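Student: Please see the structure below; I have some questions.
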Amino acid sequence: MTKANGVKAMTALLTALPEKQEEFSQVLRGLRIEISAQPGCVECVIGQDISGEGKYLLLSVWRDGEALDDHLTSEQFRILRGAMDILSKRGDFQLVTADTIPSFQSTSEP
């Protein structure tokens with residue numbers, strides 16, 4: 001882990017409406033790329049529940065509160081909120097502060 005004072009992370013637990021699951025998944029995949037390119041974004045990850053039931057985790061890590069605040073007023077966040085209104089059940093967002101940036105680099109075993 002890399003030391004970084006005041007790193008901010010946002011998680012969202014999201015559940016697609018059953019008939020909108022593929023569309024919601026496509027929107028999330030596209031947004032992940034756009035969010036990752038935003039200034040101050042350290043990492044953006046989308047995870048899907050292995051059950052395949054349309055449950056997703058969105059995790060974004062930001063270098064500081066200013067970068068996260070900028071994201072929360074960005075077009076990408078407005079698109080996410082709009083997709084949630086139309087394609088998913090009510091989501092659960094959580095904001096946290098961390099003193100380190102997690103390393104998402106994968107390691108392979110020989």
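All residue names refer to the structure tokens as shown: chains lettered A, B, ... in order, residues numbered from 1 in each chain, ligands numbered from 1 in order.
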Apply DSSP to the structure's backbone, then extract all residues of chain A labelled helix (DSSP H, G or I) and return them as a PyMOL selection string.

Tutor: chain A and resi 18-36+65-72+75-87

Student: Fewer than 6 positions away in the same chain doesn't count, so skip those; otherwise give me all residues within 10 Å of Ile86 in chain A, counting only C-alpha atoms, as a PyMOL selection string.

Tutor: chain A and resi 16-17+20+24

Student: Residues of the last selection are to be written out with C-alpha atoms, as a short mmCIF file (atom, residue, chain, number, x, y, z; two decimals), in the first residue's frame.

Tutor:
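File selection27.cif, as written:
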data_model
loop_
_atom_site.label_atom_id
_atom_site.label_comp_id
_atom_site.auth_asym_id
_atom_site.auth_seq_id
_atom_site.Cartn_x
_atom_site.Cartn_y
_atom_site.Cartn_z
CA ALA A 16 -30.19 -3.85 -11.39
CA LEU A 17 -33.86 -4.34 -12.11
CA LYS A 20 -32.62 -4.11 -17.11
CA PHE A 24 -27.23 -1.51 -16.41
#

Student: Env of Met84 in chain A: 8 Å cut, atoms = only C-alpha atoms, seq-sep filter 5 positions within chain, self excluded. Answer as a PyMOL selection string.

Tutor: chain A and resi 14+16+89-91

Student: Name the closest residue to Leu72 in chain A among the candidates A:Ser88, A:Gln38, A:Val7, A:Gln48; distances are taken between atoms, counting only C-alpha atoms.

Tutor: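 Looking only at the distances to Leu72 in chain A, the closest residue turns out to be A:Gln38.
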
Student: Just want the 6 Å neighbourhood of Gly40 in chain A, counted on only C-alpha atoms, with same-chain residues fewer than 3 positions away dropped. Output as number ranges by chain.

Tutor: A: 62-63, 67

Student: Store the residues picked out above in a file with C-alpha atoms, as a tab-separated table (two decimals), in the first residue's frame.

Tutor:
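This went into again12.tsv:
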chain	number	residue	atom	x	y	z
A	62	TRP	CA	-9.76	9.46	-4.94
A	63	ARG	CA	-6.50	11.19	-4.03
A	67	ALA	CA	-11.17	15.21	-6.30

Student: Skipping near chain neighbours, those fewer than 5 positions away, what residues fall within 9 Å of range 33-36 of chain A using only C-alpha atoms, listed as a list in words?

Tutor: Leu28, Cys41, Val42, Glu43, Cys44, Val45, Ser60, His71, Gln76 and Phe77 of chain A

Student: Taking the DSSP assignment computed from this structure's backbone, write out as a PyMOL selection string all residues of chain A that belong to strand (DSSP E or B).

Tutor: chain A and resi 2-16+41-48+55-62+88+92-101

Student: Next, the residues of the selection above should be written as a short mmCIF file (atom, residue, chain, number, x, y, z; two decimals), in the first residue's frame with N, CA and C atoms.

Tutor:
data_model
loop_
_atom_site.label_atom_id
_atom_site.label_comp_id
_atom_site.auth_asym_id
_atom_site.auth_seq_id
_atom_site.Cartn_x
_atom_site.Cartn_y
_atom_site.Cartn_z
N THR A 2 0.41 2.24 -0.69
CA THR A 2 1.12 3.50 -0.79
C THR A 2 0.54 4.47 0.23
N LYS A 3 1.41 5.17 0.92
CA LYS A 3 0.96 6.14 1.91
C LYS A 3 0.36 7.35 1.21
N ALA A 4 -0.82 7.78 1.63
CA ALA A 4 -1.48 8.95 1.04
C ALA A 4 -2.43 9.53 2.06
N ASN A 5 -2.10 10.68 2.61
CA ASN A 5 -2.91 11.29 3.64
C ASN A 5 -4.24 11.78 3.08
N GLY A 6 -5.35 11.36 3.70
CA GLY A 6 -6.65 11.88 3.34
C GLY A 6 -7.27 11.30 2.09
N VAL A 7 -6.86 10.13 1.67
CA VAL A 7 -7.46 9.49 0.50
C VAL A 7 -8.93 9.23 0.77
N LYS A 8 -9.77 9.44 -0.24
CA LYS A 8 -11.21 9.23 -0.10
C LYS A 8 -11.63 8.07 -0.99
N ALA A 9 -12.57 7.30 -0.50
CA ALA A 9 -13.12 6.19 -1.28
C ALA A 9 -14.64 6.27 -1.22
N MET A 10 -15.25 5.87 -2.31
CA MET A 10 -16.70 5.80 -2.37
C MET A 10 -17.09 4.41 -2.83
N THR A 11 -18.01 3.81 -2.11
CA THR A 11 -18.56 2.53 -2.55
C THR A 11 -20.05 2.70 -2.79
N ALA A 12 -20.55 1.93 -3.73
CA ALA A 12 -21.98 1.91 -3.99
C ALA A 12 -22.38 0.46 -4.20
N LEU A 13 -23.39 0.02 -3.46
CA LEU A 13 -23.97 -1.30 -3.66
C LEU A 13 -25.22 -1.11 -4.49
N LEU A 14 -25.25 -1.74 -5.66
CA LEU A 14 -26.31 -1.49 -6.63
C LEU A 14 -26.93 -2.81 -7.07
N THR A 15 -28.24 -2.80 -7.32
CA THR A 15 -28.95 -3.97 -7.81
C THR A 15 -29.78 -3.57 -9.01
N ALA A 16 -29.45 -4.15 -10.16
CA ALA A 16 -30.19 -3.85 -11.39
C ALA A 16 -31.59 -4.43 -11.31
N CYS A 41 -8.72 10.52 -9.75
CA CYS A 41 -9.18 9.15 -9.54
C CYS A 41 -7.97 8.22 -9.51
N VAL A 42 -7.80 7.53 -8.40
CA VAL A 42 -6.70 6.59 -8.24
C VAL A 42 -7.09 5.23 -8.81
N GLU A 43 -8.34 4.85 -8.59
CA GLU A 43 -8.83 3.54 -9.05
C GLU A 43 -10.34 3.57 -9.11
N CYS A 44 -10.89 2.87 -10.09
CA CYS A 44 -12.34 2.67 -10.17
C CYS A 44 -12.57 1.22 -10.58
N VAL A 45 -13.33 0.51 -9.77
CA VAL A 45 -13.55 -0.92 -9.98
C VAL A 45 -15.04 -1.20 -9.92
N ILE A 46 -15.50 -2.03 -10.85
CA ILE A 46 -16.88 -2.52 -10.83
C ILE A 46 -16.80 -4.02 -10.57
N GLY A 47 -17.52 -4.48 -9.59
CA GLY A 47 -17.60 -5.91 -9.31
C GLY A 47 -19.03 -6.37 -9.43
N GLN A 48 -19.22 -7.60 -9.89
CA GLN A 48 -20.56 -8.17 -9.99
C GLN A 48 -20.63 -9.41 -9.12
N LYS A 55 -26.39 -7.89 -8.97
CA LYS A 55 -25.89 -7.09 -7.85
C LYS A 55 -24.47 -6.65 -8.18
N TYR A 56 -24.19 -5.35 -7.97
CA TYR A 56 -22.90 -4.78 -8.34
C TYR A 56 -22.31 -3.99 -7.18
N LEU A 57 -20.99 -3.89 -7.19
CA LEU A 57 -20.26 -3.03 -6.27
C LEU A 57 -19.44 -2.08 -7.13
N LEU A 58 -19.60 -0.80 -6.88
CA LEU A 58 -18.77 0.23 -7.52
C LEU A 58 -17.86 0.78 -6.44
N LEU A 59 -16.56 0.72 -6.68
CA LEU A 59 -15.57 1.25 -5.74
C LEU A 59 -14.72 2.26 -6.50
N SER A 60 -14.68 3.48 -6.00
CA SER A 60 -13.78 4.48 -6.59
C SER A 60 -12.94 5.07 -5.46
N VAL A 61 -11.65 5.23 -5.75
CA VAL A 61 -10.69 5.76 -4.79
C VAL A 61 -10.15 7.07 -5.36
N TRP A 62 -10.13 8.10 -4.51
CA TRP A 62 -9.76 9.46 -4.94
C TRP A 62 -8.60 9.96 -4.11
N SER A 88 -32.14 0.47 -11.93
CA SER A 88 -31.80 -0.29 -10.73
C SER A 88 -32.73 0.04 -9.56
N ASP A 92 -26.99 2.06 -2.37
CA ASP A 92 -26.47 2.44 -1.06
C ASP A 92 -25.04 2.94 -1.24
N PHE A 93 -24.82 4.26 -1.08
CA PHE A 93 -23.50 4.86 -1.20
C PHE A 93 -22.88 5.00 0.17
N GLN A 94 -21.55 4.85 0.20
CA GLN A 94 -20.82 5.05 1.44
C GLN A 94 -19.50 5.75 1.11
N LEU A 95 -19.16 6.79 1.85
CA LEU A 95 -17.92 7.52 1.67
C LEU A 95 -17.03 7.25 2.87
N VAL A 96 -15.73 7.00 2.61
CA VAL A 96 -14.79 6.73 3.69
C VAL A 96 -13.49 7.48 3.43
N THR A 97 -12.75 7.74 4.50
CA THR A 97 -11.41 8.32 4.41
C THR A 97 -10.42 7.24 4.80
N ALA A 98 -9.33 7.18 4.06
CA ALA A 98 -8.29 6.20 4.37
C ALA A 98 -6.95 6.92 4.41
N ASP A 99 -5.99 6.31 5.09
CA ASP A 99 -4.67 6.93 5.13
C ASP A 99 -3.70 6.25 4.17
N THR A 100 -4.20 5.27 3.41
CA THR A 100 -3.36 4.63 2.41
C THR A 100 -4.18 4.38 1.15
N ILE A 101 -3.49 4.28 0.03
CA ILE A 101 -4.11 3.90 -1.23
C ILE A 101 -3.90 2.40 -1.41
#
